[in-house]
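Beneath this line is the structure, given in structure tokens, with notes to follow.
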Amino acid sequence: MTLHQRARIIAAFAEEASRKGYKAVTVAAVVKRARVARGTFYDNFSSKEDCFLAAQDFAMSSALERVVAAAGEIEDWPQRVVAGLAAFLRYLVEEPALARTCMIEALAGGPASVEHYEKSLQAFVSLFQLGRDVSPHAGELPETLEEAIIGGIFWILWQRLLLAETEQIEGLLPELTEFALTPYLGAEAARGTLDHFNKLAS
Amino acid sequence: MSDPINTSADATEFPPELARLPPGRHGLPREFVAHNQRERLIAGLAEAVAENGYAGTTIAHITRHAAVSRRTFYEHFNSKDDCFVAAYDAVMAELRSRVGEAFDQEDEWPQAARAGIAAMLEFLRAEPHLARLSMVEALVAGPVVVERYDAAIQNLVPYFQAGREGRPAEVLAGLSPTTEEALVGGMVSLISRRIFAGRIEELPALLPDLVEFTLTPYLGSAEAAKVARQDA
């Protein structure tokens with residue numbers, strides 16, 4: 001019951017934040033949308049910010065779960081990247097309120113939420129570093145490469161979410177895949193990976 | 001290389017104007033004083049934001065740092081947000097003119113791109129308050145500034161698009177319409193994370209990595225690495 005209420009409050013919070021922006025969210029509006037008592041809100045969260053951080057973490061960890069579920073079992077690293085990226089994009093499209101909360105509002109919320117955002121970004125960076133194992137020139141790759149790739153992907157997605165161009169997000173898969181894989185494999189092999197993925201998907 | 005976004009005509013000179021007027025009567029023309037007060041308020045805001053974060057900054061903080069009265073603040077700005085927007089625009093105009101100037105001084109695109117990135121890193125390192133204001137706090141300051149932030153970052157795209165010129169067809173085929181956006185986004189993300197973490201002094205050391213990252217799609221990794229590791 002409590003868990004269920006907590007989830008409902010988080011969903012309501014994300015909905016409010018994505019509509020009005022984090023600053024304008026009130027606990028009153030959240031409890032109304034979640035159809036819970038004000039006391040229930042404070043049983044679960046100590047403040048509006050606490051709930052915001054929980055919503056942000058929930059969104060990012062659900063996205064990561066989807067990525068791992070879609071890609072974790074795949075042996076071939078480049079194929080794992082495309083599948084993971086596809087799952088991530090899909091998540092953003094299916095959960096626009098949570099997506100906006102963890103990608104847009106997170107950066108606008110102040111130091112605590114930016115800190116959480118940074119940590120989730122780092123989780124993606126670590127996942128990506130596995131690419132070094134398969135790169136023929138792993139020794140020469142810049143140390144910050146994964147950070148830059150994830151930063152670039154998140155920037156493109158931040159932009160599309162900011163402009164509410166959600167319908168374009170899944171169409172970005174080929175470009176983002178090429179962008180992510182080219183530094184490790186070269187442009188040609190990156191394109192080959194994508195063709196292979198599309199064949200499997202169709 | 002000629003600057004792909006020509007800003008030389010209206011480049012604002014920011015840091016020199018931040019110099020404070022000596023206190024007391026100085027006999028300077030009224031217009032100059034007013035202009036200088038505005039610049040002082042902008043500098044005051046940058047200091048106050050560095051100290052308290054944007055959300056925690058009050059107009060009292062700003063006027064204290066600027067050493068002007070509250071009334072003077074309202075002669076120049078309607079609100080804290082209004083002052084922030086002015087500060088943001090001034091910082092970005094200065095950053096753009098530094099990048100454009102450095103870019104202009106090189107004949108070849110790879111060197112021009114490298115010089116532009118170096119100028120950006122150097123400006124941010126030398127002005128830590130402004131770095132924080134423009135790369136971290138801008139996102140906190142509300143929708144008006146977020147739009148400007150977005151536009152300012154997008155403004156860097158043409159410097160990299162210039163790298164497409166004269167590349168062989170097979171290289172161009174490997175570039176997508178969003179390649180430059182992703183490169184700029186990755187670069188800015190790397191920079192912002194260091195600023196957020198209070199590691200501003202590390203920025204210049206990012207130069208080789210950023211150059212290699214951004215030039216690789218155009219030159220290939222071996223050639224990009226060479227430009228990245230050359231002595232300035």
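The way I read the labels, and the way they are meant: chains A, B, ... in the order of the structure tokens, residue 1 as the first residue of every chain, and ligand 1 as the first ligand shown, with later ones counted on from there.
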Find the residues near region 85-90 of chain B: any atom within 8 Å, counting only C-alpha atoms, skip ones fewer than 5 places away on the same chain, and give them as a CSV table (one decimal) with C-alpha atoms, in the first residue's frame.
```
chain,number,residue,atom,x,y,z
B,12,THR,CA,30.8,43.7,-25.9
B,14,PHE,CA,33.0,42.8,-20.6
B,42,ILE,CA,26.2,42.7,-13.3
B,43,ALA,CA,29.5,41.9,-11.7
B,45,LEU,CA,25.2,39.5,-9.4
B,46,ALA,CA,28.0,37.2,-10.6
B,133,LEU,CA,27.0,31.7,-13.9
B,134,SER,CA,27.0,30.8,-17.6
B,138,ALA,CA,21.9,29.6,-16.3
B,144,VAL,CA,14.0,32.8,-20.3
B,145,VAL,CA,17.6,32.0,-19.6
```
May I have the residues of chain A within 10 Å of chain B, counting only C-alpha atoms, written as number ranges by chain? A: 21-23, 104-111, 114-115, 118, 137, 140-159, 162-163, 172, 174-176, 178-180, 182-184, 186-188, 190-191
Kindly export the residues of the current selection with C-alpha atoms, as a tab-separated table (two decimals), in the first residue's frame.
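result12.tsv written:
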```tsv
chain	number	residue	atom	x	y	z
A	21	GLY	CA	8.45	23.52	-14.06
A	22	TYR	CA	9.88	22.39	-10.74
A	23	LYS	CA	9.78	25.77	-9.04
A	104	ILE	CA	15.25	19.00	-17.93
A	105	GLU	CA	13.95	19.82	-14.47
A	106	ALA	CA	16.89	18.03	-12.85
A	107	LEU	CA	19.30	20.58	-14.29
A	108	ALA	CA	17.05	23.47	-13.33
A	109	GLY	CA	16.44	22.38	-9.75
A	110	GLY	CA	19.63	23.53	-8.07
A	111	PRO	CA	22.76	21.88	-6.65
A	114	VAL	CA	22.25	18.52	-10.48
A	115	GLU	CA	24.32	16.29	-8.23
A	118	GLU	CA	25.62	13.92	-12.53
A	137	HIS	CA	42.86	1.41	-30.81
A	140	GLU	CA	44.86	5.82	-27.88
A	141	LEU	CA	41.32	6.83	-26.92
A	142	PRO	CA	41.11	10.02	-24.86
A	143	GLU	CA	40.39	9.39	-21.20
A	144	THR	CA	37.24	11.53	-21.24
A	145	LEU	CA	35.76	9.96	-24.39
A	146	GLU	CA	32.79	8.23	-22.73
A	147	GLU	CA	31.91	11.35	-20.79
A	148	ALA	CA	31.90	13.35	-24.01
A	149	ILE	CA	29.81	10.78	-25.89
A	150	ILE	CA	27.19	10.49	-23.15
A	151	GLY	CA	27.25	14.27	-22.74
A	152	GLY	CA	26.64	14.70	-26.47
A	153	ILE	CA	23.77	12.20	-26.52
A	154	PHE	CA	22.17	13.76	-23.43
A	155	TRP	CA	22.55	17.22	-24.95
A	156	ILE	CA	20.68	16.22	-28.10
A	157	LEU	CA	17.95	14.61	-26.00
A	158	TRP	CA	17.82	17.59	-23.62
A	159	GLN	CA	17.20	19.83	-26.60
A	162	LEU	CA	13.09	21.10	-24.02
A	163	LEU	CA	11.43	21.91	-27.33
A	172	LEU	CA	17.52	9.82	-33.70
A	174	PRO	CA	20.81	5.91	-36.30
A	175	GLU	CA	22.62	9.24	-35.76
A	176	LEU	CA	23.22	8.70	-32.08
A	178	GLU	CA	26.95	6.31	-35.26
A	179	PHE	CA	28.06	9.14	-33.04
A	180	ALA	CA	28.59	6.75	-30.13
A	182	THR	CA	32.49	5.69	-34.48
A	183	PRO	CA	35.26	6.65	-32.03
A	184	TYR	CA	35.69	2.99	-31.06
A	186	GLY	CA	35.40	3.73	-37.15
A	187	ALA	CA	32.52	5.07	-39.24
A	188	GLU	CA	32.11	2.06	-41.48
A	190	ALA	CA	29.46	1.76	-36.84
A	191	ARG	CA	27.15	1.85	-39.85
```
Taking the backbone alone, and naming residues the way the document does, which bits of region 81-205 of chain B are helix (DSSP H, G or I) by DSSP, as an MDAnalysis selection string? chainID B and resid 81:104 109:126 128:135 137:139 143:154 157:164 169:173 179:196 200:205
Take the residues from that selection and put them in a file with C-alpha atoms, as a JSON list (two decimals), in the first residue's frame.
```json
[["chain", "number", "residue", "atom", "x", "y", "z"],
["B", 81, "ASP", "CA", 15.86, 37.62, -13.33],
["B", 82, "ASP", "CA", 16.23, 40.70, -15.49],
["B", 83, "CYS", "CA", 19.68, 41.37, -14.06],
["B", 84, "PHE", "CA", 20.65, 37.73, -14.56],
["B", 85, "VAL", "CA", 19.64, 37.84, -18.21],
["B", 86, "ALA", "CA", 21.80, 40.94, -18.72],
["B", 87, "ALA", "CA", 24.71, 39.23, -17.00],
["B", 88, "TYR", "CA", 24.26, 36.08, -19.04],
["B", 89, "ASP", "CA", 24.15, 38.00, -22.31],
["B", 90, "ALA", "CA", 27.27, 39.98, -21.40],
["B", 91, "VAL", "CA", 29.23, 36.84, -20.50],
["B", 92, "MET", "CA", 28.21, 35.01, -23.65],
["B", 93, "ALA", "CA", 28.97, 38.00, -25.88],
["B", 94, "GLU", "CA", 32.44, 38.16, -24.41],
["B", 95, "LEU", "CA", 32.97, 34.42, -24.69],
["B", 96, "ARG", "CA", 31.84, 34.47, -28.29],
["B", 97, "SER", "CA", 34.11, 37.31, -29.22],
["B", 98, "ARG", "CA", 37.11, 35.58, -27.61],
["B", 99, "VAL", "CA", 36.34, 32.33, -29.41],
["B", 100, "GLY", "CA", 35.73, 34.12, -32.71],
["B", 101, "GLU", "CA", 38.95, 36.09, -32.44],
["B", 102, "ALA", "CA", 41.06, 33.02, -31.68],
["B", 103, "PHE", "CA", 39.39, 31.09, -34.48],
["B", 104, "ASP", "CA", 40.03, 33.93, -36.95],
["B", 109, "TRP", "CA", 40.33, 24.77, -39.83],
["B", 110, "PRO", "CA", 41.80, 22.15, -37.45],
["B", 111, "GLN", "CA", 44.08, 24.77, -35.88],
["B", 112, "ALA", "CA", 41.27, 27.31, -35.84],
["B", 113, "ALA", "CA", 38.95, 24.91, -34.03],
["B", 114, "ARG", "CA", 41.69, 24.09, -31.57],
["B", 115, "ALA", "CA", 42.38, 27.78, -30.92],
["B", 116, "GLY", "CA", 38.68, 28.47, -30.39],
["B", 117, "ILE", "CA", 38.35, 25.68, -27.84],
["B", 118, "ALA", "CA", 41.52, 26.83, -26.08],
["B", 119, "ALA", "CA", 40.18, 30.40, -25.88],
["B", 120, "MET", "CA", 36.92, 29.16, -24.39],
["B", 121, "LEU", "CA", 38.66, 27.07, -21.74],
["B", 122, "GLU", "CA", 41.02, 29.90, -20.88],
["B", 123, "PHE", "CA", 38.20, 32.45, -20.52],
["B", 124, "LEU", "CA", 36.21, 30.15, -18.23],
["B", 125, "ARG", "CA", 39.26, 29.33, -16.11],
["B", 126, "ALA", "CA", 40.20, 32.98, -15.71],
["B", 128, "PRO", "CA", 35.38, 31.24, -12.45],
["B", 129, "HIS", "CA", 32.33, 33.22, -11.29],
["B", 130, "LEU", "CA", 31.26, 33.90, -14.83],
["B", 131, "ALA", "CA", 31.95, 30.28, -15.77],
["B", 132, "ARG", "CA", 29.60, 29.07, -13.08],
["B", 133, "LEU", "CA", 27.00, 31.66, -13.94],
["B", 134, "SER", "CA", 26.96, 30.83, -17.64],
["B", 135, "MET", "CA", 27.30, 27.04, -17.53],
["B", 137, "GLU", "CA", 23.37, 28.65, -12.89],
["B", 138, "ALA", "CA", 21.89, 29.61, -16.27],
["B", 139, "LEU", "CA", 19.91, 26.39, -16.19],
["B", 143, "PRO", "CA", 12.86, 29.46, -18.89],
["B", 144, "VAL", "CA", 14.00, 32.80, -20.33],
["B", 145, "VAL", "CA", 17.63, 32.05, -19.56],
["B", 146, "VAL", "CA", 17.34, 28.39, -20.54],
["B", 147, "GLU", "CA", 16.29, 29.49, -24.02],
["B", 148, "ARG", "CA", 19.28, 31.80, -24.22],
["B", 149, "TYR", "CA", 21.55, 29.06, -22.93],
["B", 150, "ASP", "CA", 20.27, 26.72, -25.60],
["B", 151, "ALA", "CA", 20.78, 29.34, -28.32],
["B", 152, "ALA", "CA", 24.26, 30.23, -27.08],
["B", 153, "ILE", "CA", 25.42, 26.62, -27.18],
["B", 154, "GLN", "CA", 23.87, 26.15, -30.62],
["B", 157, "VAL", "CA", 27.80, 24.65, -34.05],
["B", 158, "PRO", "CA", 28.97, 26.65, -37.13],
["B", 159, "TYR", "CA", 32.59, 26.56, -35.93],
["B", 160, "PHE", "CA", 32.49, 22.79, -36.32],
["B", 161, "GLN", "CA", 30.33, 22.77, -39.44],
["B", 162, "ALA", "CA", 33.15, 24.70, -41.06],
["B", 163, "GLY", "CA", 35.15, 21.48, -40.71],
["B", 164, "ARG", "CA", 33.02, 19.81, -43.38],
["B", 169, "ALA", "CA", 32.89, 12.32, -49.87],
["B", 170, "GLU", "CA", 33.34, 9.23, -47.69],
["B", 171, "VAL", "CA", 34.02, 11.40, -44.65],
["B", 172, "LEU", "CA", 30.97, 13.57, -45.34],
["B", 173, "ALA", "CA", 28.84, 10.45, -45.75],
["B", 179, "THR", "CA", 26.97, 15.50, -35.64],
["B", 180, "GLU", "CA", 27.99, 19.03, -34.73],
["B", 181, "GLU", "CA", 25.26, 19.40, -32.13],
["B", 182, "ALA", "CA", 26.41, 16.20, -30.46],
["B", 183, "LEU", "CA", 30.06, 17.29, -30.55],
["B", 184, "VAL", "CA", 29.26, 20.67, -29.04],
["B", 185, "GLY", "CA", 26.97, 19.06, -26.48],
["B", 186, "GLY", "CA", 29.63, 16.59, -25.45],
["B", 187, "MET", "CA", 32.22, 19.34, -25.15],
["B", 188, "VAL", "CA", 29.94, 21.58, -23.11],
["B", 189, "SER", "CA", 28.92, 18.69, -20.88],
["B", 190, "LEU", "CA", 32.54, 17.89, -20.12],
["B", 191, "ILE", "CA", 33.20, 21.53, -19.27],
["B", 192, "SER", "CA", 30.04, 22.01, -17.20],
["B", 193, "ARG", "CA", 30.69, 18.95, -15.09],
["B", 194, "ARG", "CA", 34.10, 20.27, -14.09],
["B", 195, "ILE", "CA", 32.66, 23.67, -13.27],
["B", 196, "PHE", "CA", 29.84, 22.15, -11.24],
["B", 200, "ILE", "CA", 37.57, 24.95, -12.84],
["B", 201, "GLU", "CA", 41.36, 25.04, -12.75],
["B", 202, "GLU", "CA", 41.38, 21.69, -14.58],
["B", 203, "LEU", "CA", 39.65, 23.15, -17.65],
["B", 204, "PRO", "CA", 42.73, 24.01, -19.74],
["B", 205, "ALA", "CA", 43.99, 20.43, -19.32]]
```
Any idea what's packed within 10 Å of His61 (chain B), counting only C-alpha atoms, ignoring anything in its chain fewer than 2 positions away? Could you give it as a VMD selection string? chain B and resid 44 to 45 47 to 49 51 to 52 56 to 59 63 to 67
Residues at most 6 Å from region 55-70 of chain A, counting only C-alpha atoms, excluding those fewer than 6 positions away in the same chain, as a ChimeraX atom specification? /A:10,84,87-88,98,102
What's the separation between CA of Asn44 (chain A) and CA of Thr101 (chain A), in Å to one decimal place?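 So the two atoms, CA of Asn44 (chain A) and CA of Thr101 (chain A), lie 18.8 Å apart.
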Coordinates-based distance that separates CA of Ala14 (chain A) from CA of Leu92 (chain A) (Å, one decimal):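 Between these atoms lies a distance of 12.9 Å.
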